[in-house]
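Student: So that you have it, the file is query16.cif, and it contains mmCIF, C-alpha atoms:
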data_final
#
loop_
_atom_site.label_atom_id
_atom_site.label_comp_id
_atom_site.auth_asym_id
_atom_site.auth_seq_id
_atom_site.Cartn_x
_atom_site.Cartn_y
_atom_site.Cartn_z
CA MET R 1 16.26 30.03 -11.26
CA SER R 2 19.20 29.12 -13.48
CA ILE R 3 18.78 28.39 -17.16
CA LYS R 4 19.99 24.84 -16.45
CA THR R 5 16.84 24.04 -14.49
CA LYS R 6 14.62 25.47 -17.22
CA LEU R 7 15.99 23.36 -20.07
CA THR R 8 14.24 20.04 -20.52
CA ASP R 9 14.04 17.41 -23.25
CA LEU R 10 17.51 18.20 -24.56
CA PRO R 11 18.78 16.56 -27.76
CA THR R 12 20.91 13.44 -27.46
CA SER R 13 22.91 14.10 -30.65
CA THR R 14 26.11 16.08 -30.89
CA PHE R 15 26.10 19.01 -33.30
CA ALA R 16 29.88 19.39 -33.28
CA CYS R 17 31.63 19.59 -36.65
CA GLY R 18 34.04 16.81 -35.79
CA PRO R 19 34.45 14.32 -34.36
CA SER R 20 30.76 14.22 -35.09
CA GLN R 21 27.68 12.16 -34.32
CA GLY R 22 28.06 8.47 -35.14
CA HIS R 23 25.37 6.20 -36.51
CA PRO R 24 23.53 4.19 -33.80
CA VAL R 25 25.17 0.93 -34.91
CA LEU R 26 28.56 2.49 -34.16
CA ARG R 27 27.50 3.70 -30.74
CA GLU R 28 25.87 0.41 -29.74
CA THR R 29 28.62 -1.99 -30.83
CA PRO R 30 31.00 -3.21 -28.09
CA LEU R 31 34.59 -2.13 -28.69
CA CYS R 32 35.74 -5.75 -28.76
CA ASN R 33 33.68 -6.25 -31.95
CA THR R 34 35.42 -3.47 -33.88
CA TYR R 35 38.65 -5.37 -34.66
CA PHE R 36 40.75 -3.07 -32.47
CA GLU R 37 42.73 -6.09 -31.20
CA ARG R 38 43.44 -7.53 -34.65
CA SER R 39 46.53 -7.21 -36.82
CA HIS R 40 46.07 -4.75 -39.67
CA ARG R 41 48.04 -7.16 -41.88
CA ALA R 42 45.69 -10.10 -41.34
CA LYS R 43 44.08 -11.10 -44.65
CA ASP R 44 40.58 -11.16 -43.19
CA ILE R 45 41.13 -7.56 -42.07
CA SER R 46 42.90 -6.09 -45.09
CA THR R 47 43.36 -7.98 -48.35
CA ASP R 48 40.27 -10.19 -48.12
CA GLY R 49 38.30 -8.45 -45.40
CA LEU R 50 37.49 -5.15 -43.75
CA TYR R 51 39.66 -2.80 -45.82
CA LYS R 52 38.53 -4.43 -49.05
CA GLN R 53 34.88 -4.09 -48.00
CA ALA R 54 35.36 -0.45 -46.98
CA THR R 55 37.03 0.32 -50.31
CA HIS R 56 34.20 -1.35 -52.22
CA ASN R 57 31.47 0.39 -50.21
CA LEU R 58 33.09 3.82 -50.59
CA LYS R 59 33.46 3.35 -54.35
CA LYS R 60 29.79 2.37 -54.52
CA LEU R 61 28.69 5.36 -52.43
CA LEU R 62 30.65 7.90 -54.50
CA ALA R 63 30.25 6.07 -57.83
CA LEU R 64 34.03 5.98 -58.25
CA PRO R 65 35.59 4.42 -61.34
CA GLU R 66 37.22 1.06 -60.68
CA ASP R 67 40.64 2.39 -61.68
CA TYR R 68 40.62 5.08 -58.97
CA THR R 69 42.83 4.16 -55.99
CA VAL R 70 41.51 4.41 -52.41
CA ILE R 71 44.10 4.90 -49.66
CA PHE R 72 43.38 4.76 -45.93
CA PHE R 73 45.95 7.26 -44.68
CA MET R 74 47.52 7.91 -41.31
CA GLY R 75 46.17 10.77 -39.24
CA GLY R 76 43.43 13.20 -40.16
CA ALA R 77 43.12 15.43 -43.20
CA THR R 78 46.15 17.61 -42.42
CA PRO R 79 48.87 14.97 -43.06
CA ALA R 80 46.84 13.69 -46.02
CA LEU R 81 46.76 17.19 -47.54
CA ASP R 82 50.47 17.52 -46.80
CA ALA R 83 51.13 14.28 -48.67
CA VAL R 84 49.12 15.49 -51.67
CA ALA R 85 51.02 18.78 -51.82
CA TRP R 86 54.42 17.08 -51.61
CA SER R 87 53.70 14.07 -53.81
CA LEU R 88 51.57 15.62 -56.56
CA THR R 89 52.87 19.15 -57.16
CA LYS R 90 55.29 19.70 -60.03
CA ASN R 91 56.27 23.33 -60.65
CA SER R 92 53.14 25.21 -59.61
CA ILE R 93 50.16 25.05 -57.26
CA SER R 94 47.03 27.22 -57.28
CA GLY R 95 43.67 27.26 -55.56
CA LEU R 96 41.17 29.11 -53.39
CA SER R 97 41.80 30.23 -49.81
CA PHE R 98 38.54 31.35 -48.19
CA GLY R 99 38.49 29.94 -44.66
CA ALA R 100 40.61 28.33 -41.98
CA PHE R 101 40.83 24.92 -43.64
CA SER R 102 41.35 25.95 -47.25
CA LYS R 103 43.92 28.44 -45.92
CA LEU R 104 45.67 25.56 -44.14
CA TRP R 105 46.11 23.72 -47.44
CA CYS R 106 46.90 26.77 -49.56
CA LYS R 107 49.05 28.79 -47.20
CA LYS R 108 50.59 26.66 -44.48
CA LEU R 109 51.12 23.29 -46.18
CA ALA R 110 51.96 24.56 -49.64
CA ALA R 111 54.41 27.05 -48.11
CA CYS R 112 56.68 24.13 -47.21
CA LEU R 113 57.28 23.32 -50.87
CA GLU R 114 60.57 24.67 -52.21
CA ASP R 115 60.81 28.23 -53.47
CA THR R 116 61.00 27.10 -57.09
CA VAL R 117 57.32 26.09 -56.94
CA ILE R 118 55.01 28.92 -58.05
CA LYS R 119 52.22 29.41 -55.50
CA ASP R 120 49.11 31.28 -56.61
CA PHE R 121 46.11 31.35 -54.28
CA LYS R 122 43.01 33.52 -54.61
CA GLU R 123 41.42 35.05 -51.52
CA PRO R 124 38.15 36.93 -50.93
CA ALA R 125 38.21 40.70 -51.13
CA GLU R 126 37.53 42.70 -47.98
CA GLY R 127 33.94 42.12 -46.87
CA GLU R 128 33.50 39.02 -49.07
CA LEU R 129 33.41 35.36 -48.09
CA PHE R 130 34.30 33.76 -51.44
CA PRO R 131 37.00 34.79 -53.95
CA SER R 132 35.86 36.48 -57.14
CA GLN R 133 39.10 35.52 -58.91
CA LYS R 134 39.49 32.01 -60.32
CA PRO R 135 42.53 29.83 -59.67
CA ASP R 136 45.13 29.22 -62.37
CA TYR R 137 43.69 26.17 -64.12
CA ASN R 138 47.05 25.53 -65.80
CA ALA R 139 48.92 25.03 -62.55
CA SER R 140 50.26 21.52 -61.99
CA LEU R 141 47.98 21.12 -58.94
CA VAL R 142 44.74 23.06 -58.30
CA VAL R 143 43.43 22.69 -54.74
CA LEU R 144 39.76 23.34 -53.99
CA THR R 145 37.71 22.94 -50.80
CA PRO R 146 34.10 22.26 -51.82
CA ASN R 147 32.82 22.94 -48.28
CA GLU R 148 34.65 25.16 -45.79
CA THR R 149 34.19 23.89 -42.24
CA SER R 150 35.00 27.21 -40.62
CA THR R 151 32.76 29.72 -42.41
CA GLY R 152 30.11 27.43 -43.87
CA VAL R 153 30.94 28.57 -47.42
CA GLN R 154 30.75 26.09 -50.30
CA ILE R 155 32.00 25.99 -53.87
CA PRO R 156 28.93 25.36 -56.09
CA ASN R 157 28.78 22.25 -58.24
CA GLU R 158 28.77 24.41 -61.37
CA TYR R 159 32.10 25.93 -60.33
CA LEU R 160 33.60 22.48 -59.77
CA GLU R 161 32.32 21.31 -63.16
CA GLU R 162 33.87 24.37 -64.80
CA ALA R 163 37.21 23.75 -63.08
CA TRP R 164 37.31 20.23 -64.49
CA LYS R 165 36.43 21.49 -67.95
CA LEU R 166 39.02 24.28 -67.96
CA LYS R 167 41.94 22.46 -66.36
CA GLY R 168 45.19 22.29 -68.30
CA GLU R 169 46.51 19.18 -69.96
CA ASP R 170 49.06 18.63 -67.18
CA THR R 171 46.81 19.82 -64.33
CA LEU R 172 45.47 17.76 -61.44
CA ILE R 173 42.28 18.92 -59.71
CA ALA R 174 42.35 18.14 -55.98
CA TRP R 175 39.41 18.44 -53.57
CA ASP R 176 39.47 18.58 -49.78
CA CYS R 177 36.05 17.09 -49.03
CA THR R 178 36.45 16.71 -45.28
CA SER R 179 33.22 18.59 -44.51
CA CYS R 180 31.11 17.15 -47.30
CA ALA R 181 32.23 13.64 -48.32
CA GLY R 182 29.29 11.36 -47.55
CA GLY R 183 26.85 14.27 -47.22
CA ARG R 184 26.96 16.15 -50.51
CA ASN R 185 26.21 14.92 -53.99
CA LEU R 186 29.23 16.36 -55.77
CA PRO R 187 29.86 16.22 -59.53
CA LYS R 188 30.78 12.63 -60.33
CA ASN R 189 34.50 12.03 -60.82
CA LYS R 190 35.38 15.61 -61.73
CA PHE R 191 38.56 15.35 -59.68
CA ASP R 192 41.97 13.69 -59.77
CA VAL R 193 42.42 13.77 -56.01
CA MET R 194 39.91 13.69 -53.16
CA VAL R 195 40.97 13.96 -49.53
CA PHE R 196 38.81 13.79 -46.42
CA SER R 197 39.02 12.86 -42.77
CA MET R 198 36.42 10.35 -41.61
CA GLN R 199 35.25 12.33 -38.59
CA LYS R 200 32.46 14.44 -40.07
CA CYS R 201 29.68 13.10 -42.33
CA PHE R 202 30.76 9.51 -41.63
CA GLY R 203 30.66 9.98 -37.86
CA VAL R 204 34.02 8.29 -37.22
CA GLY R 205 36.53 9.13 -34.50
CA GLY R 206 39.35 11.55 -35.29
CA GLY R 207 42.75 10.65 -36.67
CA SER R 208 41.91 8.76 -39.87
CA SER R 209 41.66 9.98 -43.45
CA VAL R 210 41.08 8.84 -47.02
CA ILE R 211 42.94 9.81 -50.19
CA ILE R 212 41.39 8.93 -53.57
CA LEU R 213 43.59 9.15 -56.67
CA SER R 214 42.81 8.98 -60.38
CA PRO R 215 45.23 7.07 -62.66
CA LYS R 216 46.62 10.43 -63.78
CA ALA R 217 47.33 11.38 -60.18
CA VAL R 218 49.04 8.05 -59.52
CA SER R 219 51.34 8.59 -62.49
CA ARG R 220 52.21 12.08 -61.21
CA ILE R 221 53.75 10.65 -58.03
CA GLU R 222 56.87 9.34 -59.76
CA GLU R 223 57.25 12.64 -61.64
CA ALA R 224 57.20 14.60 -58.39
CA LYS R 225 59.78 12.30 -56.78
CA LYS R 226 62.25 13.32 -59.46
CA LEU R 227 61.77 16.98 -58.56
CA ARG R 228 62.17 16.88 -54.77
CA ARG R 229 63.07 14.67 -51.87
CA ILE R 230 59.75 13.66 -50.30
CA PRO R 231 59.62 12.66 -46.60
CA TYR R 232 58.91 8.94 -46.25
CA SER R 233 55.62 9.42 -44.42
CA LEU R 234 54.34 11.80 -47.13
CA ASP R 235 55.49 9.74 -50.12
CA LEU R 236 52.28 8.44 -51.66
CA SER R 237 54.10 5.90 -53.85
CA TYR R 238 54.31 3.50 -50.90
CA ALA R 239 50.66 4.04 -49.99
CA VAL R 240 49.53 3.40 -53.58
CA GLU R 241 51.61 0.24 -53.85
CA LYS R 242 50.15 -1.20 -50.64
CA ALA R 243 46.58 -0.18 -51.53
CA VAL R 244 46.72 -1.64 -55.04
CA SER R 245 48.69 -4.82 -54.43
CA LYS R 246 47.28 -5.93 -51.08
CA ILE R 247 44.57 -3.44 -50.03
CA GLN R 248 46.71 -2.58 -47.03
CA THR R 249 48.12 0.54 -45.41
CA VAL R 250 51.76 1.57 -45.05
CA ASN R 251 51.47 2.39 -41.36
CA THR R 252 49.34 0.83 -38.65
CA PRO R 253 45.90 2.47 -38.94
CA SER R 254 43.04 2.66 -36.50
CA THR R 255 41.24 -0.51 -37.53
CA THR R 256 38.34 0.55 -35.31
CA ASN R 257 37.98 3.78 -37.29
CA ILE R 258 38.01 1.88 -40.59
CA TRP R 259 35.39 -0.50 -39.16
CA MET R 260 33.21 2.49 -38.21
CA PHE R 261 33.78 4.03 -41.64
CA ASN R 262 32.74 0.82 -43.39
CA GLU R 263 29.58 0.53 -41.28
CA ALA R 264 28.72 4.14 -42.12
CA CYS R 265 29.23 3.53 -45.85
CA LYS R 266 27.07 0.38 -45.71
CA TRP R 267 24.24 2.23 -43.98
CA MET R 268 24.43 5.10 -46.45
CA ASN R 269 24.35 2.73 -49.43
CA ASP R 270 21.43 0.80 -47.94
CA ASN R 271 19.44 3.99 -47.30
CA GLY R 272 19.42 5.73 -50.66
CA GLY R 273 23.11 6.39 -51.28
CA ILE R 274 24.70 9.78 -51.65
CA GLU R 275 21.53 11.33 -53.10
CA GLU R 276 19.58 10.60 -49.90
CA MET R 277 22.47 11.67 -47.66
CA ASP R 278 22.53 14.97 -49.56
CA ALA R 279 18.78 15.33 -49.05
CA LEU R 280 19.11 14.56 -45.34
CA CYS R 281 21.79 17.21 -44.82
CA ARG R 282 19.65 19.73 -46.71
CA LYS R 283 16.66 18.84 -44.54
CA HIS R 284 18.68 19.57 -41.41
CA ALA R 285 20.04 22.84 -42.81
CA ASN R 286 16.66 23.99 -44.12
CA TYR R 287 15.07 23.45 -40.72
CA LEU R 288 17.76 25.61 -39.09
CA LEU R 289 17.41 28.30 -41.76
CA ALA R 290 13.64 28.41 -41.26
CA TRP R 291 14.17 28.65 -37.51
CA ALA R 292 16.66 31.50 -37.95
CA ALA R 293 14.24 33.32 -40.27
CA GLY R 294 11.62 33.20 -37.54
CA THR R 295 13.85 34.93 -34.99
CA ASP R 296 14.82 38.57 -34.68
CA TRP R 297 18.45 37.79 -33.84
CA LEU R 298 19.76 35.31 -36.44
CA LYS R 299 20.47 35.23 -40.16
CA PRO R 300 22.64 33.07 -42.46
CA LEU R 301 26.24 34.25 -42.47
CA VAL R 302 26.50 33.35 -46.16
CA LYS R 303 23.88 35.38 -48.00
CA ASN R 304 24.40 33.82 -51.43
CA GLU R 305 22.58 30.47 -51.36
CA ALA R 306 24.81 29.02 -54.07
CA ASN R 307 27.82 29.51 -51.78
CA ARG R 308 26.07 28.41 -48.58
CA SER R 309 27.10 25.05 -47.20
CA TYR R 310 24.37 22.74 -45.96
CA THR R 311 26.70 20.25 -44.27
CA THR R 312 28.17 22.79 -41.84
CA LEU R 313 25.87 25.79 -41.42
CA THR R 314 26.96 29.10 -39.89
CA LEU R 315 24.34 31.50 -38.57
CA GLU R 316 25.24 35.10 -37.71
CA VAL R 317 23.94 36.61 -34.48
CA THR R 318 22.56 40.01 -35.45
CA ASP R 319 21.50 41.25 -32.01
CA PRO R 320 24.52 43.17 -30.61
CA ASN R 321 23.35 42.37 -27.10
CA ILE R 322 23.55 38.60 -27.63
CA ASP R 323 26.99 36.98 -27.60
CA ALA R 324 27.30 33.56 -29.24
CA ALA R 325 29.78 32.64 -26.51
CA ASP R 326 27.04 33.10 -23.88
CA ILE R 327 24.79 30.68 -25.75
CA SER R 328 27.59 28.12 -25.95
CA LYS R 329 28.35 28.60 -22.25
CA ALA R 330 24.72 28.02 -21.31
CA LEU R 331 24.58 24.84 -23.40
CA LYS R 332 27.75 23.63 -21.71
CA GLU R 333 26.23 24.30 -18.29
CA THR R 334 23.41 21.87 -19.03
CA GLY R 335 25.92 19.13 -18.27
CA ALA R 336 25.07 17.35 -21.53
CA PRO R 337 28.43 16.38 -23.09
CA ASN R 338 26.85 16.21 -26.53
CA LEU R 339 26.18 19.96 -26.33
CA GLN R 340 29.44 21.05 -24.72
CA ASP R 341 31.43 20.71 -27.96
CA GLY R 342 28.76 21.69 -30.41
CA ILE R 343 27.11 25.04 -30.89
CA LYS R 344 29.67 27.79 -30.92
CA LYS R 345 31.51 30.36 -32.98
CA TYR R 346 34.51 29.06 -34.89
CA SER R 347 37.65 30.86 -33.73
CA ALA R 348 38.77 32.04 -37.19
CA VAL R 349 35.38 33.56 -38.06
CA LYS R 350 35.26 37.22 -37.05
CA GLN R 351 31.46 37.55 -37.07
CA ASN R 352 29.42 36.84 -33.95
CA SER R 353 28.04 33.48 -35.06
CA LEU R 354 27.01 29.91 -34.34
CA ARG R 355 28.26 26.96 -36.38
CA ILE R 356 26.11 23.83 -36.45
CA ALA R 357 26.81 20.47 -38.08
CA CYS R 358 24.10 19.18 -40.41
CA PHE R 359 25.72 15.81 -41.16
CA PRO R 360 23.51 12.79 -41.94
CA PHE R 361 23.96 10.99 -38.62
CA VAL R 362 23.12 14.01 -36.44
CA ASP R 363 19.51 12.99 -37.03
CA ILE R 364 18.94 10.06 -39.37
CA ASN R 365 15.17 10.30 -38.91
CA GLY R 366 14.62 13.95 -39.80
CA THR R 367 14.78 17.03 -37.60
CA SER R 368 13.58 16.04 -34.13
CA GLN R 369 17.06 16.50 -32.64
CA TYR R 370 17.31 19.95 -34.23
CA GLU R 371 13.87 20.87 -32.90
CA LYS R 372 15.02 20.07 -29.38
CA LEU R 373 18.19 22.06 -29.92
CA THR R 374 16.42 25.16 -31.19
CA ARG R 375 13.91 25.07 -28.33
CA ALA R 376 16.84 25.01 -25.91
CA VAL R 377 18.61 27.89 -27.67
CA ASP R 378 15.38 29.91 -27.80
CA ALA R 379 15.04 29.46 -24.03
CA ILE R 380 18.67 30.50 -23.48
CA VAL R 381 18.28 33.68 -25.54
CA ALA R 382 15.03 34.56 -23.78
CA ASN R 383 16.82 34.11 -20.44
CA LEU R 384 19.77 36.26 -21.56
CA ARG R 385 17.43 39.02 -22.64
CA ALA R 386 15.49 38.83 -19.39
CA GLN R 387 18.74 39.18 -17.43
CA GLN R 388 19.67 42.25 -19.47
CA GLU R 389 16.30 43.86 -18.81
CA ALA R 390 16.34 43.13 -15.09
#
Write out the structure in this file as structure tokens.
Tutor:
Amino acid sequence: MSIKTKLTDLPTSTFACGPSQGHPVLRETPLCNTYFERSHRAKDISTDGLYKQATHNLKKLLALPEDYTVIFFMGGATPALDAVAWSLTKNSISGLSFGAFSKLWCKKLAACLEDTVIKDFKEPAEGELFPSQKPDYNASLVVLTPNETSTGVQIPNEYLEEAWKLKGEDTLIAWDCTSCAGGRNLPKNKFDVMVFSMQKCFGVGGGSSVIILSPKAVSRIEEAKKLRRIPYSLDLSYAVEKAVSKIQTVNTPSTTNIWMFNEACKWMNDNGGIEEMDALCRKHANYLLAWAAGTDWLKPLVKNEANRSYTTLTLEVTDPNIDAADISKALKETGAPNLQDGIKKYSAVKQNSLRIACFPFVDINGTSQYEKLTRAVDAIVANLRAQQEA
């Protein structure tokens, strides 16, 4: 008998780390009601409508100051991070590189800046998951990733508070919050720049991002333009002008994605705000950690709780006879598309491991979806072990 025939009562949520599970209102709304056929320049969509509402609801959710600028940017987080590096760096850039996504910002994107820009990025020592060295808080731009999607490592709130306190007079603190915006209660307004794609905690489709800028960051844009020629699509001066003057975007965005984002923000605000979303993510993660503790083949990859993300959790497979890829393959063979993308090792993580999303919308009611998932995985592992013993 195949494992497929043994698995029953499978979860209906997706546990993928992006694009992730959407709120029920998003999944139940006909496409024709999501403004996908409307002009993004129409006043009832942008200036006096959807974009204005989404900006207001995001500012309420994150308790943003009124003078912070919200930009709906083209593409996912990668072009948004590119724009930040090009438009906000003066003579130096520093930060932490401790996973695939923070490395993307620190190594690949920043590398495109001219050679006259000093680049100083701290990496973990051999055998560590988080750097022991601090970034240069006097660099013109300090880039931090509060939650690493790949490894499930987080920068503690105390660290982020310290960075804000120690930053130089001409320093901008920038956060890539793709894996935690909407799901983690971060220190309030201890940043000049926040970037995130909408596809994780907010449960929106891929290809849309948000850039939030403090007044100090906005003023930096014109300084940077005097230092280098910035590609048109990465020049944030145009995006700021459109966002401030008309609450519009420079390029044609996915209006459907912004509609989904606004609906997610409204639900989050109506159901306890960021504090409750934080608690919901922790509830999901704590259930998985308790499950792992009750097995003889799993443990948290990140041993230090302060550095352990609870929005994307990575569990290490400690039994050398169990391959995470075999678990993922068995889940795929169930034929449930929600499981085909979800539970698997991230390619850049060397340890034999499973990465599981703990975002708010994976289970808005608690842990029942996770309970179904763990029962299925338990059955898969039992089957794998039985096959090995046969």
Student: If we count only C-alpha atoms and set the cut-off at 9 Å, which residues sit around Asn307 (chain R), ignoring sequence neighbours fewer than 2 positions away in its own chain? Please answer as a ChimeraX atom specification.
Tutor: /R:129-130,147,152-156,302-305,309
Student: To one decimal in Å, tell me the separation between CA of Arg220 (chain R) and CA of Ser245 (chain R).
Tutor: 18.5 Å
Student: Exactly which residues make up the result of the PyMOL selection byres ((chain R and resi 77) around 6) on this file, given as a PDB file with C-alpha atoms, in the frame of the given file?
Tutor:
ATOM      1  CA  GLY R  76      43.430  13.200 -40.160  1.00  0.00           C
ATOM      2  CA  THR R  78      46.150  17.610 -42.420  1.00  0.00           C
ATOM      3  CA  PRO R  79      48.870  14.970 -43.060  1.00  0.00           C
ATOM      4  CA  ALA R  80      46.840  13.690 -46.020  1.00  0.00           C
ATOM      5  CA  LEU R  81      46.760  17.190 -47.540  1.00  0.00           C
ATOM      6  CA  PHE R 196      38.810  13.790 -46.420  1.00  0.00           C
ATOM      7  CA  SER R 197      39.020  12.860 -42.770  1.00  0.00           C
ATOM      8  CA  SER R 209      41.660   9.980 -43.450  1.00  0.00           C
TER       9      SER R 209
END
Student: Can you tell me, as an NGL selection string, what residues are no more than 10 Å from Ala54 (chain R) when counting all atoms listed in the file, ignoring any on the same chain fewer than 2 positions away?
Tutor: :R and (46 or 49-52 or 56-60 or 70 or 72 or 258-266)
Student: Using only C-alpha atoms, please write the residues we just selected to a file, as an mmCIF file, keeping the file's coordinate frame.
Tutor:
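The result, stored in selection_16.cif:
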data_model
loop_
_atom_site.group_PDB
_atom_site.id
_atom_site.type_symbol
_atom_site.label_atom_id
_atom_site.label_comp_id
_atom_site.auth_asym_id
_atom_site.auth_seq_id
_atom_site.Cartn_x
_atom_site.Cartn_y
_atom_site.Cartn_z
ATOM 1 C CA SER R 46 42.900 -6.090 -45.090
ATOM 2 C CA GLY R 49 38.300 -8.450 -45.400
ATOM 3 C CA LEU R 50 37.490 -5.150 -43.750
ATOM 4 C CA TYR R 51 39.660 -2.800 -45.820
ATOM 5 C CA LYS R 52 38.530 -4.430 -49.050
ATOM 6 C CA HIS R 56 34.200 -1.350 -52.220
ATOM 7 C CA ASN R 57 31.470 0.390 -50.210
ATOM 8 C CA LEU R 58 33.090 3.820 -50.590
ATOM 9 C CA LYS R 59 33.460 3.350 -54.350
ATOM 10 C CA LYS R 60 29.790 2.370 -54.520
ATOM 11 C CA VAL R 70 41.510 4.410 -52.410
ATOM 12 C CA PHE R 72 43.380 4.760 -45.930
ATOM 13 C CA ILE R 258 38.010 1.880 -40.590
ATOM 14 C CA TRP R 259 35.390 -0.500 -39.160
ATOM 15 C CA MET R 260 33.210 2.490 -38.210
ATOM 16 C CA PHE R 261 33.780 4.030 -41.640
ATOM 17 C CA ASN R 262 32.740 0.820 -43.390
ATOM 18 C CA GLU R 263 29.580 0.530 -41.280
ATOM 19 C CA ALA R 264 28.720 4.140 -42.120
ATOM 20 C CA CYS R 265 29.230 3.530 -45.850
ATOM 21 C CA LYS R 266 27.070 0.380 -45.710
#
Student: Of the residues R:Asn91, R:Asn383, R:Ser347, R:Thr252, which is the one nearest to Lys226 (chain R), using only C-alpha atoms?
Tutor: R:Asn91
Student: Which residues would end up in the selection if the PyMOL selection byres ((chain R and resi 179) around 7) were applied here, given that I need the answer as a PyMOL selection string?
Tutor: chain R and resi 147-149+177-178+180-181+200-201+311
Student: Starting from the incomplete input, reconstruct N, CA and C atoms of region 125-145 of chain R and write that as a PDB file, keeping the file's coordinate frame.
Tutor:
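Contents of part13.pdb, freshly written:
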ATOM      1  N   ALA R 125      37.948  39.279 -51.366  1.00  0.00           N
ATOM      2  CA  ALA R 125      38.210  40.700 -51.130  1.00  0.00           C
ATOM      3  C   ALA R 125      37.642  41.082 -49.764  1.00  0.00           C
ATOM      4  N   GLU R 126      38.028  42.224 -49.269  1.00  0.00           N
ATOM      5  CA  GLU R 126      37.530  42.700 -47.980  1.00  0.00           C
ATOM      6  C   GLU R 126      36.000  42.744 -47.980  1.00  0.00           C
ATOM      7  N   GLY R 127      35.390  42.137 -46.975  1.00  0.00           N
ATOM      8  CA  GLY R 127      33.940  42.120 -46.870  1.00  0.00           C
ATOM      9  C   GLY R 127      33.276  40.980 -47.609  1.00  0.00           C
ATOM     10  N   GLU R 128      34.052  40.165 -48.343  1.00  0.00           N
ATOM     11  CA  GLU R 128      33.500  39.020 -49.070  1.00  0.00           C
ATOM     12  C   GLU R 128      33.883  37.714 -48.373  1.00  0.00           C
ATOM     13  N   LEU R 129      33.129  36.661 -48.680  1.00  0.00           N
ATOM     14  CA  LEU R 129      33.410  35.360 -48.090  1.00  0.00           C
ATOM     15  C   LEU R 129      33.966  34.365 -49.097  1.00  0.00           C
ATOM     16  N   PHE R 130      33.833  34.677 -50.405  1.00  0.00           N
ATOM     17  CA  PHE R 130      34.300  33.760 -51.440  1.00  0.00           C
ATOM     18  C   PHE R 130      35.073  34.546 -52.490  1.00  0.00           C
ATOM     19  N   PRO R 131      36.194  34.031 -52.983  1.00  0.00           N
ATOM     20  CA  PRO R 131      37.000  34.790 -53.950  1.00  0.00           C
ATOM     21  C   PRO R 131      36.270  35.017 -55.268  1.00  0.00           C
ATOM     22  N   SER R 132      36.429  36.204 -55.818  1.00  0.00           N
ATOM     23  CA  SER R 132      35.860  36.480 -57.140  1.00  0.00           C
ATOM     24  C   SER R 132      36.816  36.029 -58.239  1.00  0.00           C
ATOM     25  N   GLN R 133      38.108  35.978 -57.937  1.00  0.00           N
ATOM     26  CA  GLN R 133      39.100  35.520 -58.910  1.00  0.00           C
ATOM     27  C   GLN R 133      39.148  33.999 -58.963  1.00  0.00           C
ATOM     28  N   LYS R 134      39.382  33.461 -60.136  1.00  0.00           N
ATOM     29  CA  LYS R 134      39.490  32.010 -60.320  1.00  0.00           C
ATOM     30  C   LYS R 134      40.944  31.565 -60.150  1.00  0.00           C
ATOM     31  N   PRO R 135      41.161  30.323 -59.767  1.00  0.00           N
ATOM     32  CA  PRO R 135      42.530  29.830 -59.670  1.00  0.00           C
ATOM     33  C   PRO R 135      43.149  29.695 -61.064  1.00  0.00           C
ATOM     34  N   ASP R 136      44.440  29.454 -61.100  1.00  0.00           N
ATOM     35  CA  ASP R 136      45.130  29.220 -62.370  1.00  0.00           C
ATOM     36  C   ASP R 136      44.916  27.768 -62.765  1.00  0.00           C
ATOM     37  N   TYR R 137      44.039  27.538 -63.731  1.00  0.00           N
ATOM     38  CA  TYR R 137      43.690  26.170 -64.120  1.00  0.00           C
ATOM     39  C   TYR R 137      44.783  25.478 -64.924  1.00  0.00           C
ATOM     40  N   ASN R 138      45.912  26.155 -65.147  1.00  0.00           N
ATOM     41  CA  ASN R 138      47.050  25.530 -65.800  1.00  0.00           C
ATOM     42  C   ASN R 138      48.158  25.174 -64.830  1.00  0.00           C
ATOM     43  N   ALA R 139      47.936  25.428 -63.547  1.00  0.00           N
ATOM     44  CA  ALA R 139      48.920  25.030 -62.550  1.00  0.00           C
ATOM     45  C   ALA R 139      49.005  23.504 -62.500  1.00  0.00           C
ATOM     46  N   SER R 140      50.114  22.981 -62.027  1.00  0.00           N
ATOM     47  CA  SER R 140      50.260  21.520 -61.990  1.00  0.00           C
ATOM     48  C   SER R 140      49.287  20.879 -61.005  1.00  0.00           C
ATOM     49  N   LEU R 141      48.947  21.615 -59.926  1.00  0.00           N
ATOM     50  CA  LEU R 141      47.980  21.120 -58.940  1.00  0.00           C
ATOM     51  C   LEU R 141      47.055  22.272 -58.564  1.00  0.00           C
ATOM     52  N   VAL R 142      45.751  22.066 -58.697  1.00  0.00           N
ATOM     53  CA  VAL R 142      44.740  23.060 -58.300  1.00  0.00           C
ATOM     54  C   VAL R 142      43.985  22.487 -57.104  1.00  0.00           C
ATOM     55  N   VAL R 143      44.032  23.187 -55.964  1.00  0.00           N
ATOM     56  CA  VAL R 143      43.430  22.690 -54.740  1.00  0.00           C
ATOM     57  C   VAL R 143      42.157  23.472 -54.427  1.00  0.00           C
ATOM     58  N   LEU R 144      41.067  22.744 -54.238  1.00  0.00           N
ATOM     59  CA  LEU R 144      39.760  23.340 -53.990  1.00  0.00           C
ATOM     60  C   LEU R 144      39.125  22.673 -52.763  1.00  0.00           C
ATOM     61  N   THR R 145      38.418  23.457 -51.976  1.00  0.00           N
ATOM     62  CA  THR R 145      37.710  22.940 -50.800  1.00  0.00           C
ATOM     63  C   THR R 145      36.224  23.133 -51.037  1.00  0.00           C
TER      64      THR R 145
END
